[in-house]
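Here is run_24.cif, consisting of mmCIF, C-alpha atoms and all ligand atoms:
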```cif
data_query
#
loop_
_atom_site.label_atom_id
_atom_site.label_comp_id
_atom_site.auth_asym_id
_atom_site.auth_seq_id
_atom_site.Cartn_x
_atom_site.Cartn_y
_atom_site.Cartn_z
CA MET A 1 316.84 18.25 29.62
CA ASN A 2 315.91 21.79 30.59
CA LYS A 3 314.69 21.96 34.19
CA SER A 4 313.58 25.56 33.78
CA LEU A 5 310.66 24.29 31.67
CA ARG A 6 308.94 23.02 34.81
CA LYS A 7 308.08 24.02 38.35
CA THR A 8 310.00 22.77 41.34
CA VAL A 9 307.57 21.83 44.09
CA ILE A 10 308.43 21.00 47.69
CA ALA A 11 305.45 19.48 49.47
CA GLY A 12 305.25 18.37 53.08
CA ASN A 13 303.16 15.30 53.83
CA TRP A 14 302.29 15.64 57.50
CA LYS A 15 300.54 12.24 57.55
CA MET A 16 298.46 11.74 60.74
CA ASN A 17 300.28 14.42 62.71
CA LYS A 18 299.27 17.76 64.25
CA THR A 19 295.98 18.94 65.70
CA PRO A 20 294.45 22.14 64.28
CA SER A 21 296.17 24.34 66.88
CA GLN A 22 299.50 22.59 66.32
CA THR A 23 298.96 23.08 62.58
CA THR A 24 298.69 26.84 63.02
CA GLU A 25 301.77 26.81 65.23
CA LEU A 26 303.95 24.86 62.78
CA ILE A 27 302.82 26.91 59.76
CA ASN A 28 303.59 30.11 61.65
CA GLU A 29 307.09 28.76 62.25
CA ILE A 30 307.57 27.70 58.61
CA LYS A 31 306.20 30.87 56.99
CA PRO A 32 309.05 33.31 57.62
CA LEU A 33 311.64 30.65 56.83
CA VAL A 34 310.31 30.00 53.31
CA SER A 35 309.03 33.45 52.35
CA ASN A 36 311.82 33.93 49.79
CA ALA A 37 311.51 30.49 48.24
CA ASP A 38 312.18 30.18 44.56
CA CYS A 39 309.97 27.10 44.28
CA ASP A 40 306.36 26.19 45.07
CA VAL A 41 305.79 25.26 48.71
CA VAL A 42 302.89 23.06 49.82
CA VAL A 43 301.83 21.56 53.15
CA CYS A 44 299.51 18.55 53.03
CA VAL A 45 297.85 18.34 56.44
CA PRO A 46 295.21 16.04 57.98
CA PHE A 47 291.57 16.85 57.09
CA THR A 48 290.86 18.33 60.53
CA GLY A 49 293.74 20.79 60.12
CA LEU A 50 292.82 22.06 56.65
CA GLN A 51 290.80 25.05 57.80
CA ALA A 52 293.52 26.11 60.25
CA ALA A 53 296.17 25.65 57.55
CA ILE A 54 294.23 27.74 55.06
CA GLU A 55 293.84 30.54 57.57
CA ALA A 56 297.48 30.38 58.70
CA THR A 57 298.84 30.42 55.12
CA ARG A 58 296.60 33.25 53.87
CA GLY A 59 298.74 35.93 52.18
CA SER A 60 301.84 33.71 52.20
CA ASN A 61 303.59 31.71 49.48
CA ILE A 62 302.51 28.39 51.02
CA SER A 63 299.64 26.38 49.49
CA VAL A 64 297.59 23.79 51.29
CA GLY A 65 296.97 20.19 50.26
CA ALA A 66 295.03 17.21 51.58
CA GLN A 67 296.27 13.64 51.71
CA ASN A 68 293.45 11.77 49.97
CA CYS A 69 289.94 12.19 48.54
CA HIS A 70 287.09 9.92 47.57
CA TRP A 71 286.03 9.47 43.94
CA GLU A 72 282.34 10.20 44.48
CA LYS A 73 280.98 13.71 44.97
CA SER A 74 278.77 12.75 47.92
CA GLY A 75 276.79 9.82 49.28
CA ALA A 76 276.85 6.88 51.66
CA PHE A 77 280.62 6.64 52.16
CA THR A 78 281.05 6.95 55.91
CA GLY A 79 284.33 8.51 56.91
CA GLU A 80 285.24 9.71 53.44
CA ILE A 81 285.86 13.23 52.10
CA SER A 82 285.12 14.31 48.52
CA ALA A 83 287.30 16.40 46.25
CA GLU A 84 284.55 19.03 46.08
CA MET A 85 284.60 19.37 49.88
CA LEU A 86 288.34 19.98 49.74
CA LYS A 87 287.99 22.53 46.97
CA GLU A 88 285.35 24.50 48.85
CA VAL A 89 287.51 24.94 51.95
CA GLY A 90 290.33 26.33 49.80
CA VAL A 91 292.55 23.31 49.29
CA LYS A 92 294.67 23.42 46.10
CA TYR A 93 296.52 20.09 46.13
CA VAL A 94 295.68 16.52 47.04
CA ILE A 95 298.04 13.57 47.43
CA ILE A 96 296.63 10.51 45.68
CA GLY A 97 297.91 6.94 45.88
CA HIS A 98 300.43 7.40 48.69
CA SER A 99 301.98 4.01 49.46
CA GLU A 100 300.55 4.14 53.00
CA ARG A 101 297.05 4.39 51.46
CA ARG A 102 297.88 1.54 49.08
CA THR A 103 299.43 -0.65 51.79
CA TYR A 104 297.12 -0.06 54.78
CA PHE A 105 293.85 1.12 53.25
CA GLY A 106 293.41 -0.97 50.13
CA ASP A 107 294.07 1.66 47.49
CA THR A 108 294.80 0.08 44.10
CA ASP A 109 295.89 1.46 40.73
CA VAL A 110 292.21 1.45 39.78
CA THR A 111 290.98 3.41 42.82
CA VAL A 112 293.95 5.76 42.43
CA ALA A 113 292.74 6.48 38.88
CA LYS A 114 289.20 7.13 40.15
CA ARG A 115 290.40 9.48 42.88
CA THR A 116 292.62 11.28 40.36
CA ARG A 117 289.64 11.80 38.05
CA ALA A 118 287.51 13.20 40.90
CA ALA A 119 290.27 15.55 42.07
CA LEU A 120 290.84 16.90 38.55
CA ASP A 121 287.09 17.35 38.02
CA ALA A 122 286.95 19.39 41.24
CA GLY A 123 289.77 21.66 40.02
CA LEU A 124 292.48 20.36 42.36
CA THR A 125 296.11 19.66 41.52
CA VAL A 126 297.03 16.04 42.14
CA ILE A 127 300.28 14.81 43.65
CA LEU A 128 300.17 11.28 42.28
CA CYS A 129 302.41 8.82 44.11
CA VAL A 130 304.01 5.84 42.42
CA GLY A 131 306.85 3.61 43.54
CA GLU A 132 308.11 0.09 44.02
CA TYR A 133 308.52 -2.25 46.96
CA LEU A 134 312.04 -3.45 47.74
CA GLU A 135 311.36 -6.90 46.23
CA GLN A 136 310.30 -5.24 42.98
CA ARG A 137 313.49 -3.18 42.87
CA GLU A 138 315.50 -6.34 43.52
CA GLN A 139 313.61 -8.06 40.69
CA GLY A 140 314.72 -5.23 38.42
CA ILE A 141 311.19 -4.15 37.50
CA THR A 142 311.12 -0.64 39.01
CA ASN A 143 310.91 1.22 35.72
CA GLU A 144 308.17 -0.97 34.28
CA LEU A 145 306.24 -0.78 37.54
CA VAL A 146 306.27 3.02 37.84
CA ALA A 147 305.37 3.24 34.15
CA ILE A 148 302.31 1.04 34.53
CA GLN A 149 301.21 2.75 37.76
CA THR A 150 301.48 6.09 35.94
CA LYS A 151 299.59 4.85 32.87
CA ILE A 152 296.70 3.41 34.88
CA ALA A 153 296.35 6.51 37.07
CA LEU A 154 296.34 8.81 34.05
CA GLN A 155 293.81 6.89 31.98
CA GLY A 156 291.42 9.46 30.53
CA VAL A 157 293.46 12.44 31.77
CA THR A 158 293.66 15.04 28.99
CA GLN A 159 296.70 17.02 27.91
CA GLU A 160 295.17 20.11 29.51
CA GLU A 161 294.42 18.28 32.78
CA LEU A 162 297.99 16.94 32.88
CA LYS A 163 299.08 20.47 33.81
CA ARG A 164 297.43 19.81 37.19
CA ILE A 165 299.31 16.58 37.78
CA ILE A 166 302.54 16.29 39.74
CA ILE A 167 304.03 12.83 40.00
CA ALA A 168 305.90 11.81 43.13
CA TYR A 169 308.28 8.91 42.71
CA GLU A 170 308.34 7.31 46.13
CA PRO A 171 310.15 4.00 46.52
CA VAL A 172 308.18 2.29 49.29
CA TRP A 173 311.36 0.97 50.93
CA ALA A 174 312.59 4.56 51.43
CA ILE A 175 309.46 6.02 53.03
CA GLY A 176 309.82 6.68 56.73
CA THR A 177 312.76 4.29 56.92
CA GLY A 178 315.67 6.71 56.91
CA ARG A 179 316.90 4.82 53.85
CA THR A 180 317.04 7.15 50.85
CA ALA A 181 317.32 6.21 47.20
CA THR A 182 320.64 7.29 45.76
CA ALA A 183 320.44 10.37 43.57
CA ARG A 184 321.07 8.10 40.58
CA GLN A 185 318.30 5.66 41.51
CA ALA A 186 315.88 8.56 42.03
CA ASP A 187 316.81 10.15 38.72
CA GLU A 188 316.53 6.88 36.82
CA ALA A 189 312.99 6.19 38.05
CA CYS A 190 311.92 9.82 37.51
CA SER A 191 313.34 9.57 34.00
CA ALA A 192 311.32 6.37 33.37
CA ILE A 193 308.19 8.23 34.48
CA ARG A 194 309.05 11.16 32.20
CA SER A 195 309.49 8.78 29.25
CA THR A 196 306.09 7.30 30.04
CA ILE A 197 304.57 10.79 29.93
CA GLU A 198 306.31 11.41 26.63
CA SER A 199 304.86 8.21 25.16
CA LEU A 200 301.37 9.25 26.28
CA TYR A 201 301.36 13.03 25.78
CA GLY A 202 304.44 14.00 23.75
CA LYS A 203 307.77 15.68 24.47
CA ALA A 204 306.50 19.11 25.49
CA ALA A 205 304.27 17.57 28.15
CA ALA A 206 307.12 15.36 29.37
CA ASP A 207 309.46 18.36 29.59
CA GLY A 208 306.83 20.36 31.47
CA ILE A 209 305.65 17.89 34.11
CA THR A 210 306.95 18.15 37.66
CA ILE A 211 308.27 14.85 39.01
CA GLN A 212 309.21 14.79 42.67
CA TYR A 213 311.26 12.34 44.66
CA GLY A 214 309.99 11.23 48.07
CA GLY A 215 311.48 8.86 50.64
CA SER A 216 313.49 10.04 53.65
CA MET A 217 314.50 13.27 51.94
CA ASN A 218 316.02 15.58 54.54
CA ALA A 219 318.09 18.70 55.00
CA ALA A 220 321.32 16.74 54.48
CA ASN A 221 320.49 14.81 51.31
CA ALA A 222 318.05 17.18 49.55
CA ALA A 223 320.58 19.19 47.55
CA GLU A 224 322.08 16.13 45.88
CA LEU A 225 318.69 14.62 45.00
CA LEU A 226 317.25 17.92 43.78
CA ALA A 227 320.26 18.57 41.55
CA MET A 228 319.41 15.55 39.40
CA PRO A 229 318.07 16.41 35.93
CA ASN A 230 314.77 14.58 36.35
CA VAL A 231 314.01 15.41 39.98
CA ASP A 232 311.84 18.51 40.22
CA GLY A 233 311.16 18.70 43.91
CA GLY A 234 310.29 16.53 46.85
CA LEU A 235 307.43 15.02 48.79
CA ILE A 236 308.66 15.15 52.34
CA GLY A 237 307.26 13.20 55.28
CA GLY A 238 309.18 13.21 58.57
CA ALA A 239 311.36 16.23 57.81
CA SER A 240 308.32 18.37 56.96
CA LEU A 241 307.27 18.32 60.61
CA LYS A 242 310.31 20.32 61.67
CA ALA A 243 310.18 23.89 60.41
CA ARG A 244 313.95 24.31 60.06
CA ASP A 245 314.46 21.01 58.26
CA PHE A 246 311.59 21.66 55.89
CA ALA A 247 312.88 25.18 55.20
CA ALA A 248 316.38 23.82 54.53
CA ILE A 249 314.91 21.54 51.84
CA VAL A 250 313.00 24.49 50.36
CA ASP A 251 316.31 26.41 50.34
CA ALA A 252 318.07 23.56 48.56
CA ALA A 253 315.31 23.55 45.93
CA SER A 254 315.56 27.30 45.48
CA LYS A 255 319.22 27.27 44.43
C1 LIG B 1 306.08 10.50 52.47
O1 LIG B 1 305.31 10.34 53.41
O2 LIG B 1 305.63 10.72 51.33
C2 LIG B 1 307.52 10.41 52.71
C3 LIG B 1 308.35 10.53 51.71
O3 LIG B 1 307.89 10.21 54.02
P1 LIG B 1 309.40 10.32 54.61
O4 LIG B 1 309.98 11.58 54.05
O5 LIG B 1 309.21 10.36 56.08
O6 LIG B 1 310.13 9.12 54.13
#
```
As structure tokens:
Amino acid sequence: MNKSLRKTVIAGNWKMNKTPSQTTELINEIKPLVSNADCDVVVCVPFTGLQAAIEATRGSNISVGAQNCHWEKSGAFTGEISAEMLKEVGVKYVIIGHSERRTYFGDTDVTVAKRTRAALDAGLTVILCVGEYLEQREQGITNELVAIQTKIALQGVTQEELKRIIIAYEPVWAIGTGRTATARQADEACSAIRSTIESLYGKAAADGITIQYGGSMNAANAAELLAMPNVDGGLIGGASLKARDFAAIVDAASK
């Protein structure tokens, strides 16, 4: 498995943290620390911070992402934001199907597929999250589960569009808990996702797709996780809110 065939992407998921002014402040702290990164660096900030993030990252090697989008272009969907709206403000990436959206806000595999379609149509790159609950891991169905989540989300996605898909394997039991998957567990699930891509799109597509691990990745455990053959980066929650920790993960990915 040749990792050089694909991009390594380190993306911060800031969740519901940071006001616009705090966004500018944190990005200004991160910028000099990651300027020599040998991987793609993304910060996914709350909607209200997007404009500030886009201004603060201008001319740098950091791209900006959002954390969700609606599947319709416009209309009577109070409180929602469309993919087109994100595109017009300069957003490049959008996280779709994060487990917090699935758990607290009713996202399902079907709505994840609809959001993915809308994001691709708007020209965004999708960070598609899949992952199992602890009970599902204990039942031994992790690989089947991430495979089916991936298949449903990618229904109708063309080979060409797949180039704008990153998959984040995020075991739900590891998110925000301080409990990380072992490097072997992470690699095994990422490998199951890669096999699913191969069955749908062929070997070249499977070799080329970026599959991240997410779930309590931090400065101390990043190197081991990122060294695994099927782990091509990370989606980072808590540790992305501290400039030095986030930069240390970017450093680990750049080696
Ligand atoms: C996440 O929000 O996607 C995540 C992985 O969070 P944390 O790193 O805090 O577990």
Which residues are near ligand LIG 1 (chain B) in this structure, taking near to mean any atom at most 6 Å from a ligand atom and counting all atoms listed in the file? Format them as a PDB file with C-alpha atoms, in the coordinates of the input.
```pdb
ATOM      1  CA  ASN A  13     303.160  15.300  53.830  1.00  0.00           C
ATOM      2  CA  ALA A 174     312.590   4.560  51.430  1.00  0.00           C
ATOM      3  CA  ILE A 175     309.460   6.020  53.030  1.00  0.00           C
ATOM      4  CA  GLY A 176     309.820   6.680  56.730  1.00  0.00           C
ATOM      5  CA  GLY A 214     309.990  11.230  48.070  1.00  0.00           C
ATOM      6  CA  GLY A 215     311.480   8.860  50.640  1.00  0.00           C
ATOM      7  CA  SER A 216     313.490  10.040  53.650  1.00  0.00           C
ATOM      8  CA  MET A 217     314.500  13.270  51.940  1.00  0.00           C
ATOM      9  CA  LEU A 235     307.430  15.020  48.790  1.00  0.00           C
ATOM     10  CA  ILE A 236     308.660  15.150  52.340  1.00  0.00           C
ATOM     11  CA  GLY A 237     307.260  13.200  55.280  1.00  0.00           C
ATOM     12  CA  GLY A 238     309.180  13.210  58.570  1.00  0.00           C
TER      13      GLY A 238
END
```
Handout entry: Residues near Ser60 of chain A, cut-off 8 Å, only C-alpha atoms, skip fewer than 2 positions along chain, as a PyMOL selection string
Key = chain A and resi 31+35+57-58+62
Practice task
Fewer than 4 positions away in the same chain doesn't count, so skip those; otherwise give me all residues within 7 Å of segment 68-85 of chain A, counting all atoms listed in the file, as a PyMOL selection string.
Solution key: chain A and resi 89+94-96+114-115+118-119+122
Handout entry: Who sits within 6 Å of segment 191-199 of chain A, only C-alpha atoms, same chain under 6 positions skipped, as an NGL selection string
Key = :A and (143 or 147 or 206 or 230)
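Across A:Glu88, A:Asp245, A:Glu132, A:Asp187, the tightest approach to Asp232 of chain A is made by A:Asp187 when counting all atoms listed in the file.
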Exercise for the section: Point out the residue among A:Leu200, A:Ala252, A:Leu120, A:Ala243 with the least atom-to-atom distance to Ile30 of chain A, counting all atoms listed in the file. Expected result: A:Ala243
Exercise for the section: Could you please give me, as an NGL selection string, the residues of protein, DNA or RNA lying at most 6 Å from (310.3, 20.3, 52.6) in the coordinate frame of the file, considering all atoms listed in the file? Expected result: :A and (10-12 or 236 or 240 or 246 or 249-250)
Exercise for the section: Between atom CA of Asp251 of chain A and atom CA of Ala219 of chain A, measure the distance and give it in Å to one decimal. Expected result: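 Those two atoms sit 9.2 Å apart.
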Exercise for the section: Find the distance between atom CA of Gln51 of chain A and atom CA of Glu25 of chain A and write it in Å to one decimal. Expected result: 13.4 Å
Fill in the blank from the handout: One residue among A:Gly65, A:Gly140, A:Gly106, A:Gly233 is nearest to Pro46 of chain A when using all atoms listed in the file, and that residue is A:Gly65
Handout entry: Residue among A:Gln155, A:Ser254, A:Gln149, A:Thr182 lying closest to Ser4 of chain A, counting only C-alpha atoms
Key =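 So, comparing all the options, the nearest one is A:Ser254.
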Handout entry: Point-to-point distance in Å for atom CA of Ala53 of chain A and atom CA of Val91 of chain A
Key =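 A separation of 9.3 Å between them.
Closest approach to Gly123 of chain A among A:Lys163, A:Arg137, A:Lys87, A:Lys203: A:Lys87, based on only C-alpha atoms.
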Practice task
Can you work out which one of A:Gln212, A:Lys7, A:Asn61, A:Gln22 has the shortest atom-to-atom distance to Val41 of chain A, counting only C-alpha atoms?
Solution key: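 Closest candidate: A:Asn61.
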